[in-house]
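Text of entry.txt (compact mmCIF, N, CA and C atoms) as supplied:
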# COMPACT_ATOMS: atom_id res chain seq x y z
N MET A 30 -5.03 24.13 17.43
CA MET A 30 -4.07 23.63 16.46
C MET A 30 -4.79 23.34 15.17
N ASP A 31 -4.30 23.88 14.05
CA ASP A 31 -4.89 23.62 12.75
C ASP A 31 -4.50 22.25 12.26
N ASP A 32 -5.40 21.64 11.50
CA ASP A 32 -5.13 20.33 10.92
C ASP A 32 -4.73 20.55 9.47
N VAL A 33 -3.47 20.48 9.19
CA VAL A 33 -2.96 20.71 7.85
C VAL A 33 -2.92 19.37 7.13
N ALA A 34 -3.50 19.31 5.95
CA ALA A 34 -3.57 18.06 5.20
C ALA A 34 -2.18 17.49 4.99
N GLY A 35 -2.01 16.24 5.44
CA GLY A 35 -0.78 15.52 5.18
C GLY A 35 0.39 15.86 6.06
N GLU A 36 0.25 16.76 6.99
CA GLU A 36 1.38 17.13 7.83
C GLU A 36 1.28 16.49 9.20
N TYR A 37 2.41 15.99 9.67
CA TYR A 37 2.47 15.51 11.04
C TYR A 37 2.68 16.72 11.93
N GLN A 38 2.09 16.69 13.11
CA GLN A 38 2.21 17.82 14.01
C GLN A 38 2.45 17.31 15.42
N VAL A 39 2.93 18.21 16.25
CA VAL A 39 3.09 17.93 17.67
C VAL A 39 2.23 18.95 18.40
N SER A 40 1.38 18.46 19.28
CA SER A 40 0.48 19.34 20.02
C SER A 40 1.26 20.12 21.07
N ALA A 41 0.58 21.08 21.68
CA ALA A 41 1.20 21.88 22.74
C ALA A 41 1.64 21.00 23.91
N GLU A 42 0.97 19.87 24.10
CA GLU A 42 1.32 18.95 25.18
C GLU A 42 2.46 18.02 24.78
N GLY A 43 2.97 18.16 23.56
CA GLY A 43 4.08 17.33 23.10
C GLY A 43 3.66 15.99 22.51
N ARG A 44 2.36 15.81 22.25
CA ARG A 44 1.88 14.56 21.66
C ARG A 44 1.93 14.63 20.14
N PHE A 45 2.25 13.50 19.55
CA PHE A 45 2.29 13.36 18.10
C PHE A 45 0.87 13.35 17.56
N VAL A 46 0.59 14.15 16.55
CA VAL A 46 -0.75 14.26 15.97
C VAL A 46 -0.64 14.00 14.47
N ILE A 47 -1.58 13.23 13.96
CA ILE A 47 -1.62 12.95 12.52
C ILE A 47 -2.83 13.67 11.93
N SER A 48 -2.72 14.10 10.70
CA SER A 48 -3.80 14.87 10.08
C SER A 48 -5.06 14.03 9.91
N LYS A 49 -6.18 14.71 9.86
CA LYS A 49 -7.47 14.08 9.63
C LYS A 49 -7.47 13.33 8.30
N GLN A 50 -6.86 13.94 7.30
CA GLN A 50 -6.79 13.31 5.97
C GLN A 50 -6.09 11.96 6.05
N ARG A 51 -4.96 11.91 6.73
CA ARG A 51 -4.22 10.64 6.83
C ARG A 51 -5.00 9.61 7.63
N VAL A 52 -5.65 10.04 8.70
CA VAL A 52 -6.44 9.10 9.50
C VAL A 52 -7.52 8.47 8.63
N TRP A 53 -8.27 9.30 7.89
CA TRP A 53 -9.36 8.79 7.07
C TRP A 53 -8.85 7.97 5.88
N THR A 54 -7.69 8.31 5.37
CA THR A 54 -7.11 7.49 4.30
C THR A 54 -6.74 6.12 4.85
N LEU A 55 -6.18 6.09 6.04
CA LEU A 55 -5.84 4.81 6.68
C LEU A 55 -7.10 3.99 6.96
N VAL A 56 -8.13 4.64 7.47
CA VAL A 56 -9.41 3.94 7.71
C VAL A 56 -9.95 3.38 6.40
N SER A 57 -9.86 4.17 5.34
CA SER A 57 -10.31 3.71 4.02
C SER A 57 -9.53 2.47 3.58
N LEU A 58 -8.23 2.49 3.78
CA LEU A 58 -7.42 1.32 3.43
C LEU A 58 -7.79 0.10 4.26
N LEU A 59 -8.15 0.34 5.52
CA LEU A 59 -8.56 -0.77 6.39
C LEU A 59 -9.88 -1.40 5.93
N VAL A 60 -10.62 -0.68 5.12
CA VAL A 60 -11.85 -1.23 4.53
C VAL A 60 -11.53 -1.88 3.18
N VAL A 61 -10.76 -1.19 2.35
CA VAL A 61 -10.51 -1.66 0.98
C VAL A 61 -9.64 -2.92 0.94
N VAL A 62 -8.63 -3.01 1.79
CA VAL A 62 -7.73 -4.17 1.74
C VAL A 62 -8.45 -5.48 2.02
N PRO A 63 -9.21 -5.60 3.12
CA PRO A 63 -9.93 -6.86 3.32
C PRO A 63 -10.95 -7.14 2.22
N LEU A 64 -11.62 -6.09 1.73
CA LEU A 64 -12.56 -6.30 0.62
C LEU A 64 -11.85 -6.82 -0.62
N GLY A 65 -10.67 -6.28 -0.88
CA GLY A 65 -9.90 -6.73 -2.04
C GLY A 65 -9.48 -8.18 -1.93
N PHE A 66 -8.98 -8.58 -0.76
CA PHE A 66 -8.61 -9.98 -0.57
C PHE A 66 -9.84 -10.88 -0.62
N TYR A 67 -10.91 -10.43 -0.01
CA TYR A 67 -12.15 -11.22 -0.05
C TYR A 67 -12.62 -11.42 -1.49
N SER A 68 -12.51 -10.35 -2.30
CA SER A 68 -12.96 -10.46 -3.69
C SER A 68 -12.14 -11.48 -4.47
N LYS A 69 -10.88 -11.66 -4.12
CA LYS A 69 -10.04 -12.67 -4.79
C LYS A 69 -10.36 -14.08 -4.32
N LEU A 70 -10.89 -14.21 -3.11
CA LEU A 70 -11.17 -15.53 -2.53
C LEU A 70 -12.65 -15.90 -2.56
N TYR A 71 -13.49 -14.99 -2.98
CA TYR A 71 -14.94 -15.18 -2.97
C TYR A 71 -15.34 -16.41 -3.78
N VAL A 72 -16.25 -17.18 -3.20
CA VAL A 72 -16.86 -18.32 -3.88
C VAL A 72 -18.36 -18.16 -3.72
N GLY A 73 -19.07 -18.07 -4.80
CA GLY A 73 -20.51 -17.87 -4.73
C GLY A 73 -21.02 -17.39 -6.07
N PRO A 74 -22.24 -16.85 -6.07
CA PRO A 74 -22.80 -16.34 -7.32
C PRO A 74 -21.88 -15.28 -7.95
N ALA A 75 -21.68 -15.39 -9.24
CA ALA A 75 -20.84 -14.45 -10.01
C ALA A 75 -19.39 -14.43 -9.51
N ALA A 76 -18.92 -15.56 -8.99
CA ALA A 76 -17.56 -15.63 -8.44
C ALA A 76 -16.50 -15.23 -9.46
N ASN A 77 -16.64 -15.65 -10.69
CA ASN A 77 -15.64 -15.31 -11.71
C ASN A 77 -15.55 -13.80 -11.90
N TRP A 78 -16.70 -13.13 -11.96
CA TRP A 78 -16.72 -11.68 -12.11
C TRP A 78 -16.13 -11.00 -10.88
N VAL A 79 -16.51 -11.44 -9.69
CA VAL A 79 -16.00 -10.84 -8.45
C VAL A 79 -14.50 -11.05 -8.36
N ASN A 80 -14.02 -12.30 -8.62
CA ASN A 80 -12.59 -12.63 -8.50
C ASN A 80 -11.73 -11.90 -9.52
N ASN A 81 -12.25 -11.69 -10.71
CA ASN A 81 -11.40 -11.20 -11.80
C ASN A 81 -11.72 -9.79 -12.29
N SER A 82 -12.88 -9.26 -11.97
CA SER A 82 -13.23 -7.92 -12.46
C SER A 82 -13.43 -6.93 -11.32
N LEU A 83 -14.33 -7.25 -10.40
CA LEU A 83 -14.54 -6.37 -9.25
C LEU A 83 -13.24 -6.19 -8.47
N SER A 84 -12.46 -7.25 -8.37
CA SER A 84 -11.18 -7.15 -7.66
C SER A 84 -10.25 -6.15 -8.34
N GLY A 85 -10.36 -5.99 -9.66
CA GLY A 85 -9.55 -5.00 -10.37
C GLY A 85 -9.91 -3.57 -9.97
N VAL A 86 -11.19 -3.33 -9.73
CA VAL A 86 -11.63 -2.01 -9.26
C VAL A 86 -11.02 -1.74 -7.89
N LEU A 87 -11.12 -2.71 -7.00
CA LEU A 87 -10.59 -2.54 -5.63
C LEU A 87 -9.06 -2.40 -5.64
N TYR A 88 -8.39 -3.10 -6.56
CA TYR A 88 -6.94 -3.03 -6.71
C TYR A 88 -6.51 -1.60 -7.01
N VAL A 89 -7.17 -0.98 -7.97
CA VAL A 89 -6.81 0.39 -8.35
C VAL A 89 -7.13 1.37 -7.22
N ILE A 90 -8.27 1.20 -6.57
CA ILE A 90 -8.61 2.06 -5.43
C ILE A 90 -7.56 1.92 -4.33
N PHE A 91 -7.14 0.68 -4.04
CA PHE A 91 -6.11 0.44 -3.02
C PHE A 91 -4.85 1.24 -3.32
N TRP A 92 -4.35 1.14 -4.55
CA TRP A 92 -3.10 1.83 -4.88
C TRP A 92 -3.27 3.35 -4.83
N CYS A 93 -4.43 3.84 -5.26
CA CYS A 93 -4.68 5.29 -5.16
C CYS A 93 -4.60 5.74 -3.71
N LEU A 94 -5.29 5.01 -2.83
CA LEU A 94 -5.32 5.40 -1.42
C LEU A 94 -3.96 5.25 -0.76
N LEU A 95 -3.22 4.20 -1.10
CA LEU A 95 -1.90 4.01 -0.50
C LEU A 95 -0.96 5.14 -0.89
N ILE A 96 -0.96 5.50 -2.16
CA ILE A 96 -0.09 6.61 -2.59
C ILE A 96 -0.55 7.92 -1.95
N PHE A 97 -1.85 8.10 -1.84
CA PHE A 97 -2.39 9.30 -1.19
C PHE A 97 -1.97 9.37 0.28
N LEU A 98 -1.91 8.22 0.93
CA LEU A 98 -1.45 8.17 2.32
C LEU A 98 0.02 8.58 2.41
N LEU A 99 0.82 8.08 1.48
CA LEU A 99 2.26 8.32 1.51
C LEU A 99 2.65 9.69 0.96
N VAL A 100 1.86 10.21 0.02
CA VAL A 100 2.14 11.51 -0.60
C VAL A 100 0.87 12.35 -0.52
N PRO A 101 0.51 12.80 0.69
CA PRO A 101 -0.79 13.43 0.91
C PRO A 101 -1.02 14.75 0.19
N ASN A 102 0.02 15.41 -0.24
CA ASN A 102 -0.17 16.69 -0.92
C ASN A 102 -0.24 16.55 -2.43
N ALA A 103 -0.10 15.32 -2.93
CA ALA A 103 -0.23 15.09 -4.37
C ALA A 103 -1.69 15.25 -4.78
N LYS A 104 -1.89 15.70 -6.00
CA LYS A 104 -3.26 15.89 -6.50
C LYS A 104 -3.89 14.54 -6.79
N PRO A 105 -5.13 14.34 -6.34
CA PRO A 105 -5.81 13.07 -6.59
C PRO A 105 -5.86 12.67 -8.06
N GLY A 106 -6.05 13.63 -8.95
CA GLY A 106 -6.10 13.31 -10.38
C GLY A 106 -4.79 12.75 -10.89
N ILE A 107 -3.68 13.31 -10.43
CA ILE A 107 -2.36 12.82 -10.84
C ILE A 107 -2.13 11.42 -10.29
N ILE A 108 -2.49 11.21 -9.03
CA ILE A 108 -2.35 9.88 -8.43
C ILE A 108 -3.18 8.86 -9.21
N ALA A 109 -4.45 9.17 -9.45
CA ALA A 109 -5.34 8.22 -10.13
C ALA A 109 -4.84 7.89 -11.53
N LEU A 110 -4.42 8.88 -12.28
CA LEU A 110 -3.93 8.61 -13.64
C LEU A 110 -2.62 7.84 -13.64
N THR A 111 -1.76 8.12 -12.67
CA THR A 111 -0.51 7.37 -12.56
C THR A 111 -0.78 5.91 -12.22
N VAL A 112 -1.67 5.69 -11.25
CA VAL A 112 -2.04 4.32 -10.88
C VAL A 112 -2.66 3.60 -12.07
N LEU A 113 -3.52 4.28 -12.81
CA LEU A 113 -4.13 3.67 -13.99
C LEU A 113 -3.06 3.28 -15.01
N ALA A 114 -2.12 4.18 -15.28
CA ALA A 114 -1.06 3.88 -16.25
C ALA A 114 -0.22 2.68 -15.82
N VAL A 115 0.19 2.67 -14.56
CA VAL A 115 1.01 1.55 -14.07
C VAL A 115 0.22 0.25 -14.09
N THR A 116 -1.06 0.31 -13.72
CA THR A 116 -1.90 -0.88 -13.74
C THR A 116 -2.04 -1.43 -15.16
N CYS A 117 -2.18 -0.55 -16.13
CA CYS A 117 -2.27 -0.99 -17.53
C CYS A 117 -0.96 -1.61 -17.99
N VAL A 118 0.16 -1.04 -17.60
CA VAL A 118 1.47 -1.62 -17.93
C VAL A 118 1.58 -3.01 -17.31
N LEU A 119 1.16 -3.14 -16.04
CA LEU A 119 1.20 -4.46 -15.38
C LEU A 119 0.29 -5.47 -16.08
N GLU A 120 -0.83 -5.01 -16.59
CA GLU A 120 -1.73 -5.91 -17.33
C GLU A 120 -1.02 -6.43 -18.58
N PHE A 121 -0.38 -5.54 -19.32
CA PHE A 121 0.36 -5.97 -20.51
C PHE A 121 1.55 -6.86 -20.15
N ALA A 122 2.14 -6.63 -18.99
CA ALA A 122 3.27 -7.45 -18.54
C ALA A 122 2.86 -8.90 -18.31
N GLN A 123 1.55 -9.14 -18.18
CA GLN A 123 1.09 -10.50 -18.01
C GLN A 123 1.25 -11.34 -19.28
N LEU A 124 1.55 -10.66 -20.39
CA LEU A 124 1.85 -11.38 -21.63
C LEU A 124 3.29 -11.90 -21.64
N TRP A 125 4.07 -11.45 -20.69
CA TRP A 125 5.49 -11.78 -20.61
C TRP A 125 5.68 -12.79 -19.49
N HIS A 126 6.45 -13.85 -19.74
CA HIS A 126 6.56 -14.94 -18.76
C HIS A 126 8.01 -15.34 -18.46
N PRO A 127 8.87 -14.37 -18.12
CA PRO A 127 10.23 -14.77 -17.73
C PRO A 127 10.20 -15.50 -16.38
N PRO A 128 11.21 -16.32 -16.10
CA PRO A 128 11.22 -17.10 -14.85
C PRO A 128 11.02 -16.26 -13.58
N ALA A 129 11.65 -15.11 -13.51
CA ALA A 129 11.53 -14.29 -12.29
C ALA A 129 10.08 -13.84 -12.06
N LEU A 130 9.40 -13.42 -13.12
CA LEU A 130 8.00 -13.01 -12.98
C LEU A 130 7.11 -14.21 -12.68
N GLU A 131 7.39 -15.32 -13.29
CA GLU A 131 6.59 -16.52 -13.02
C GLU A 131 6.75 -16.94 -11.56
N TRP A 132 7.97 -16.82 -11.04
CA TRP A 132 8.21 -17.14 -9.64
C TRP A 132 7.41 -16.18 -8.74
N ALA A 133 7.45 -14.86 -9.06
CA ALA A 133 6.72 -13.87 -8.26
C ALA A 133 5.21 -14.12 -8.32
N ARG A 134 4.73 -14.57 -9.46
CA ARG A 134 3.29 -14.83 -9.63
C ARG A 134 2.84 -16.15 -9.01
N SER A 135 3.77 -16.95 -8.55
CA SER A 135 3.43 -18.28 -8.03
C SER A 135 2.76 -18.23 -6.65
N SER A 136 2.87 -17.11 -5.94
CA SER A 136 2.22 -16.99 -4.63
C SER A 136 0.90 -16.22 -4.77
N PHE A 137 0.05 -16.34 -3.77
CA PHE A 137 -1.23 -15.62 -3.79
C PHE A 137 -1.00 -14.12 -3.88
N ILE A 138 -0.10 -13.60 -3.05
CA ILE A 138 0.17 -12.15 -3.04
C ILE A 138 0.75 -11.71 -4.38
N GLY A 139 1.70 -12.48 -4.90
CA GLY A 139 2.29 -12.15 -6.20
C GLY A 139 1.25 -12.15 -7.30
N GLN A 140 0.38 -13.12 -7.27
CA GLN A 140 -0.67 -13.21 -8.27
C GLN A 140 -1.67 -12.06 -8.09
N ALA A 141 -1.99 -11.71 -6.84
CA ALA A 141 -2.92 -10.61 -6.59
C ALA A 141 -2.33 -9.27 -7.03
N LEU A 142 -1.03 -9.08 -6.85
CA LEU A 142 -0.39 -7.81 -7.21
C LEU A 142 -0.02 -7.72 -8.69
N LEU A 143 0.44 -8.84 -9.28
CA LEU A 143 0.95 -8.82 -10.65
C LEU A 143 0.00 -9.44 -11.66
N GLY A 144 -0.97 -10.21 -11.19
CA GLY A 144 -1.87 -10.90 -12.10
C GLY A 144 -1.18 -12.10 -12.72
N ASN A 145 -1.95 -12.88 -13.47
CA ASN A 145 -1.33 -14.06 -14.08
C ASN A 145 -1.70 -14.25 -15.53
N TYR A 146 -2.75 -13.58 -16.01
CA TYR A 146 -3.06 -13.69 -17.43
C TYR A 146 -3.66 -12.38 -17.92
N PHE A 147 -3.39 -12.09 -19.18
CA PHE A 147 -3.84 -10.84 -19.81
C PHE A 147 -5.27 -11.00 -20.30
N THR A 148 -6.06 -9.96 -20.08
CA THR A 148 -7.39 -9.91 -20.68
C THR A 148 -7.80 -8.46 -20.91
N TRP A 149 -8.28 -8.19 -22.11
CA TRP A 149 -8.71 -6.84 -22.46
C TRP A 149 -9.85 -6.36 -21.59
N SER A 150 -10.67 -7.28 -21.13
CA SER A 150 -11.86 -6.87 -20.37
C SER A 150 -11.53 -6.29 -19.00
N ASP A 151 -10.28 -6.40 -18.55
CA ASP A 151 -9.88 -5.79 -17.27
C ASP A 151 -9.79 -4.27 -17.35
N PHE A 152 -9.50 -3.73 -18.53
CA PHE A 152 -9.23 -2.30 -18.65
C PHE A 152 -10.41 -1.41 -18.24
N PRO A 153 -11.66 -1.72 -18.63
CA PRO A 153 -12.76 -0.86 -18.16
C PRO A 153 -12.88 -0.84 -16.63
N TYR A 154 -12.58 -1.95 -15.99
CA TYR A 154 -12.65 -2.00 -14.52
C TYR A 154 -11.53 -1.17 -13.90
N TYR A 155 -10.37 -1.14 -14.54
CA TYR A 155 -9.28 -0.29 -14.06
C TYR A 155 -9.66 1.18 -14.19
N VAL A 156 -10.27 1.54 -15.30
CA VAL A 156 -10.69 2.93 -15.51
C VAL A 156 -11.76 3.31 -14.48
N PHE A 157 -12.72 2.41 -14.26
CA PHE A 157 -13.76 2.67 -13.26
C PHE A 157 -13.14 2.81 -11.87
N GLY A 158 -12.21 1.92 -11.51
CA GLY A 158 -11.53 2.00 -10.22
C GLY A 158 -10.75 3.30 -10.07
N CYS A 159 -10.16 3.75 -11.17
CA CYS A 159 -9.43 5.03 -11.17
C CYS A 159 -10.39 6.17 -10.85
N GLY A 160 -11.57 6.16 -11.46
CA GLY A 160 -12.56 7.20 -11.20
C GLY A 160 -13.05 7.17 -9.76
N VAL A 161 -13.33 5.97 -9.26
CA VAL A 161 -13.78 5.85 -7.87
C VAL A 161 -12.66 6.28 -6.91
N GLY A 162 -11.43 5.85 -7.19
CA GLY A 162 -10.31 6.25 -6.35
C GLY A 162 -10.11 7.75 -6.34
N TRP A 163 -10.24 8.37 -7.50
CA TRP A 163 -10.10 9.83 -7.61
C TRP A 163 -11.17 10.52 -6.77
N LEU A 164 -12.43 10.10 -6.91
CA LEU A 164 -13.50 10.69 -6.10
C LEU A 164 -13.28 10.46 -4.61
N TRP A 165 -12.85 9.26 -4.26
CA TRP A 165 -12.63 8.90 -2.86
C TRP A 165 -11.58 9.83 -2.26
N MET A 166 -10.45 10.00 -2.97
CA MET A 166 -9.39 10.88 -2.45
C MET A 166 -9.86 12.32 -2.33
N ARG A 167 -10.63 12.78 -3.29
CA ARG A 167 -11.11 14.17 -3.27
C ARG A 167 -12.02 14.45 -2.10
N TRP A 168 -12.80 13.47 -1.68
CA TRP A 168 -13.81 13.73 -0.68
C TRP A 168 -13.49 13.19 0.70
N LEU A 169 -12.25 12.79 0.91
CA LEU A 169 -11.86 12.36 2.26
C LEU A 169 -11.94 13.53 3.23
N PRO A 170 -12.46 13.31 4.44
CA PRO A 170 -12.48 14.39 5.44
C PRO A 170 -11.07 14.90 5.71
N GLY A 171 -10.95 16.19 5.89
CA GLY A 171 -9.66 16.80 6.16
C GLY A 171 -8.93 17.20 4.89
N ARG A 172 -9.50 16.87 3.77
CA ARG A 172 -8.86 17.17 2.48
C ARG A 172 -8.96 18.65 2.16
N GLY A 173 -9.95 19.30 2.73
CA GLY A 173 -10.14 20.72 2.40
C GLY A 173 -10.94 20.82 1.12
N LYS A 174 -10.74 21.87 0.39
CA LYS A 174 -11.48 22.12 -0.85
C LYS A 174 -11.05 21.08 -1.89
N PRO A 175 -12.01 20.36 -2.50
CA PRO A 175 -11.66 19.38 -3.51
C PRO A 175 -10.94 20.03 -4.68
N ASP A 176 -9.94 19.32 -5.18
CA ASP A 176 -9.24 19.79 -6.38
C ASP A 176 -8.89 18.60 -7.24
N GLY A 177 -8.25 18.87 -8.40
CA GLY A 177 -7.91 17.86 -9.39
C GLY A 177 -7.12 16.76 -8.83
Turn the structure described in the file into structure tokens.
Amino acid sequence: MDDVAGEYQVSAEGRFVISKQRVWTLVSLLVVVPLGFYSKLYVGPAANWVNNSLSGVLYVIFWCLLIFLLVPNAKPGIIALTVLAVTCVLEFAQLWHPPALEWARSSFIGQALLGNYFTWSDFPYYVFGCGVGWLWMRWLPGRGKPDG
């Protein structure tokens, strides 16, 4: 049985089979998600940088991998650039403080996903995370020949 990137298959024995690409994307998410939460909760040397900058890199990588898991045939470059654009829009949205957004930002998860204050210095970390996410998606096992 061939392993087609992103396709669910049923083996000759009638068992459900998931592609190698999806398995490795899921494994990648199982590494990135705890690291991302840890980076937001880290207390120690360079805690401010880890909490507010390194976490931005992991945030972008997380979204790249999640979209890649859900849309496995999408090009990694398109996913990475889309995630970067949306992340930048969300960063600018932190300048806006309507009650509904403030309520959403009041929880840890809301704050981790939406942020709570705008800073220009986040953008280079988003770009770096986009590049790492793009490379990560391109080189996942089962992906086949790397492409854009």
Report task. Starting from the point (-6.9, 1.6, -2.8), work out which residues of protein, DNA or RNA have an atom no more than 8 Å away when counting all atoms listed in the file; state them as an NGL selection string. Result -> :A and (57-58 or 61-62 or 86-96 or 162)
Requested in this report: Record the distance separating atom C of Leu164 (chain A) and CA of Thr116 (chain A), expressed in Å with one decimal.
Outcome: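 So the answer is 18.5 Å.
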Query raised in the report: Please, which residues of region 94-141 of chain A, numbered as in this document, come out helix (DSSP H, G or I) from DSSP, as JSON, numbers by chain?
Result: {"A": [94, 95, 96, 97, 98, 99, 105, 106, 107, 108, 109, 110, 111, 112, 113, 114, 115, 116, 117, 118, 119, 120, 121, 122, 128, 129, 130, 131, 132, 133, 134, 137, 138, 139, 140, 141]}
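When CA of Thr148 (chain A) is paired with CA of Gly85 (chain A), their separation reads 11.6 Å.
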Query raised in the report: With all atoms listed in the file as the basis for distance, which of A:Phe152, A:Trp163, A:Phe147, A:Phe157 is at the shortest distance from Gln123 (chain A)?
Result: A:Phe147
Query raised in the report: Do you know which residues lie at most 7 Å from (-16.5, -7.4, -16.5), with coordinates as in the file and all atoms listed in the file counted, and could you write them as a list in words?
Result: Trp78, Asn81, Ser82, Leu83, Ser150, Asp151 and Tyr154 of chain A
Query raised in the report: What gap, in Å, lies between CA of Leu113 (chain A) and CA of Val161 (chain A)?
Result: 11.6 Å
